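Structure first, commentary second.
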Amino acid sequence: MEKVVVSIGGSILVPGENDAEFIRKLADMLKEVSKEVQLAVVCGGGKTARYYAGIAKDLGGDTYEQDILGIAATRMNAQLLMLALGDMPDSVSTDVEETARSSGPGKIAVMGGTVPGHTTDAVSSMVAAAMKADRIVNGTAVDAVYTADPRKDPDAKKISSMTIDELGEIVYKEHGASKSSVFDPLGVKLAKENRIDILIIDGRNLDELKNAILGRKINGTTVNSH
Ligand code: UTP
């Protein structure tokens with residue numbers, strides 16, 4: 001059975017509109033595909049993370065303290081998904097190895113963030129390495145990687161396939177400019193080291209998400225680590 005880690009952004013899970021309906025449909029789809037692939041899901045923090053981190057900053061909190069609040073938001077989102085999957089724990093696993101171990105055929109492991117200093121994309125790569133996963137599916141708000149920012153540049157072209165080194169070049173450059181990158185640079189580094197492919201897709205499109213999880217053709221970007 002193939003093993004897949006899904007990194008699902010908080011802005012996808014809880015954009016603030018039809019949230020319960022989307023999470024229910026997502027959970028149903030995940031349950032269905034978990035019969036065919038072994039799954040772990042890492043949830044991002046989205047707006048809630050940014051909101052709380054922003055208040056912490058205004059209160060004089062440092063980046064460590066902001067991250068702690070961001071992590072709390074990722075865990076709340078993980079709990080919402082687990083509730084929809086039928087089993088909401090009082091607290092979410094903070095441990096990558098434990099999550100990797102608890103994933104099994106028909107058994108979906110879910111977690112949020114771990115410790116300050118990175119994002120849930122990096123956690124996804126850590127879980128994927130621990131599980132020896134075949135791929136990471138990154139469900140985000142952009143539907144693929146582009147040659148330029150498609151909102152600013154009309155000539156921007158969708159990249160359907162690229163190497164992990166090419167993604168590395170993009171994210172290390174973006175990171176330098178302190179912009180939120182398409183995938184966390186640490187996550188890219190770990191995926192490269194562990195030879196795990198990354199699929200970058202529109203996470204709100206459940207058909208696309210399902211195709212990516214099952215290794216079928218996608219409209220997003222396939223990042224090859226082999
Ligand atoms: P996200 O993974 O949602 O980060 O974690 P993000 O990339 O900023 O969000 P999206 O993908 O654009 O929606 C939210 C915040 O929580 C902290 C970081 O501050 C991160 O920005 N965090 C998360 C950690 O410090 N450690 C973790 O393991 C996870």
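Identifiers in this document derive from the order of the structure tokens: chains are assigned A, B, ..., residues are numbered from 1 separately in each chain, and ligands are numbered from 1 in order of occurrence.
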
Quiz item: Which polymer residues have any atom within 6 Å of an atom of range 143-157 of chain A, counting only C-alpha atoms, with same-chain residues fewer than 5 positions away left out, as a list in words?
Solution: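 Result of the neighbour search: Ile200, Ile201, Asp202, Gly220 and Thr221 of chain A.
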
Output file for the selection above: all heavy atoms, as a PDB file, in the first residue's frame:
```
ATOM      1  N   ILE A 200       1.800  19.938  -5.475  1.00  0.00           N
ATOM      2  CA  ILE A 200       1.219  21.209  -5.020  1.00  0.00           C
ATOM      3  C   ILE A 200      -0.068  21.451  -5.783  1.00  0.00           C
ATOM      4  O   ILE A 200      -0.070  21.593  -7.019  1.00  0.00           O
ATOM      5  CB  ILE A 200       2.230  22.352  -5.206  1.00  0.00           C
ATOM      6  CG1 ILE A 200       3.420  22.074  -4.275  1.00  0.00           C
ATOM      7  CG2 ILE A 200       1.596  23.716  -4.892  1.00  0.00           C
ATOM      8  CD1 ILE A 200       4.642  22.880  -4.536  1.00  0.00           C
ATOM      9  N   ILE A 201      -1.160  21.457  -5.042  1.00  0.00           N
ATOM     10  CA  ILE A 201      -2.478  21.500  -5.706  1.00  0.00           C
ATOM     11  C   ILE A 201      -3.461  22.398  -4.946  1.00  0.00           C
ATOM     12  O   ILE A 201      -3.239  22.739  -3.790  1.00  0.00           O
ATOM     13  CB  ILE A 201      -3.088  20.080  -5.785  1.00  0.00           C
ATOM     14  CG1 ILE A 201      -3.153  19.447  -4.381  1.00  0.00           C
ATOM     15  CG2 ILE A 201      -2.328  19.174  -6.728  1.00  0.00           C
ATOM     16  CD1 ILE A 201      -4.429  18.738  -4.136  1.00  0.00           C
ATOM     17  N   ASP A 202      -4.551  22.706  -5.629  1.00  0.00           N
ATOM     18  CA  ASP A 202      -5.646  23.476  -5.034  1.00  0.00           C
ATOM     19  C   ASP A 202      -6.368  22.587  -4.008  1.00  0.00           C
ATOM     20  O   ASP A 202      -7.092  21.664  -4.378  1.00  0.00           O
ATOM     21  CB  ASP A 202      -6.601  23.908  -6.154  1.00  0.00           C
ATOM     22  CG  ASP A 202      -7.844  24.609  -5.640  1.00  0.00           C
ATOM     23  OD1 ASP A 202      -7.962  24.810  -4.409  1.00  0.00           O
ATOM     24  OD2 ASP A 202      -8.696  24.962  -6.476  1.00  0.00           O
ATOM     25  N   GLY A 220      -2.214  20.462 -10.843  1.00  0.00           N
ATOM     26  CA  GLY A 220      -1.224  21.262 -10.140  1.00  0.00           C
ATOM     27  C   GLY A 220       0.194  20.926 -10.558  1.00  0.00           C
ATOM     28  O   GLY A 220       0.433  20.508 -11.692  1.00  0.00           O
ATOM     29  N   THR A 221       1.122  21.115  -9.634  1.00  0.00           N
ATOM     30  CA  THR A 221       2.548  20.912  -9.932  1.00  0.00           C
ATOM     31  C   THR A 221       3.081  19.653  -9.241  1.00  0.00           C
ATOM     32  O   THR A 221       2.864  19.470  -8.041  1.00  0.00           O
ATOM     33  CB  THR A 221       3.358  22.131  -9.444  1.00  0.00           C
ATOM     34  OG1 THR A 221       2.868  23.295 -10.105  1.00  0.00           O
ATOM     35  CG2 THR A 221       4.844  21.962  -9.736  1.00  0.00           C
TER      36      THR A 221
END
```

Self-check item: Test item: residues no farther than 9 Å from ligand 1, counting only C-alpha atoms and all ligand atoms, as a PyMOL selection string
Solution: chain A and resi 7-12+42-50+53+63-74+94+112-123+140-141+180-184

Quiz item: Where does DSSP see alpha helix (DSSP H) in range 66-145 of chain A, if you list the residues as a PyMOL selection string?
Solution: chain A and resi 66-85+96-102+120-131

Quiz item: When DSSP works through the backbone of this structure, what residues of range 47-143 of chain A end up as strand (DSSP E or B), shown as a PyMOL selection string?
Solution: chain A and resi 104+107+109-111+135-140

Export, as an mmCIF file, in the first residue's frame, the selected residues with C-alpha atoms.
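Dumped to out25.cif:
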```cif
data_model
loop_
_atom_site.group_PDB
_atom_site.id
_atom_site.type_symbol
_atom_site.label_atom_id
_atom_site.label_comp_id
_atom_site.auth_asym_id
_atom_site.auth_seq_id
_atom_site.Cartn_x
_atom_site.Cartn_y
_atom_site.Cartn_z
ATOM 1 C CA GLY A 104 -2.154 2.462 9.086
ATOM 2 C CA LYS A 107 -6.376 4.490 9.883
ATOM 3 C CA ALA A 109 -3.321 9.912 11.537
ATOM 4 C CA VAL A 110 -3.854 13.645 12.037
ATOM 5 C CA MET A 111 -1.654 16.270 13.659
ATOM 6 C CA ARG A 135 4.580 11.533 -1.632
ATOM 7 C CA ILE A 136 3.450 14.675 0.131
ATOM 8 C CA VAL A 137 0.294 16.337 -1.143
ATOM 9 C CA ASN A 138 0.246 20.039 -0.354
ATOM 10 C CA GLY A 139 -3.313 21.345 -0.529
ATOM 11 C CA THR A 140 -2.956 25.110 -0.714
#
```
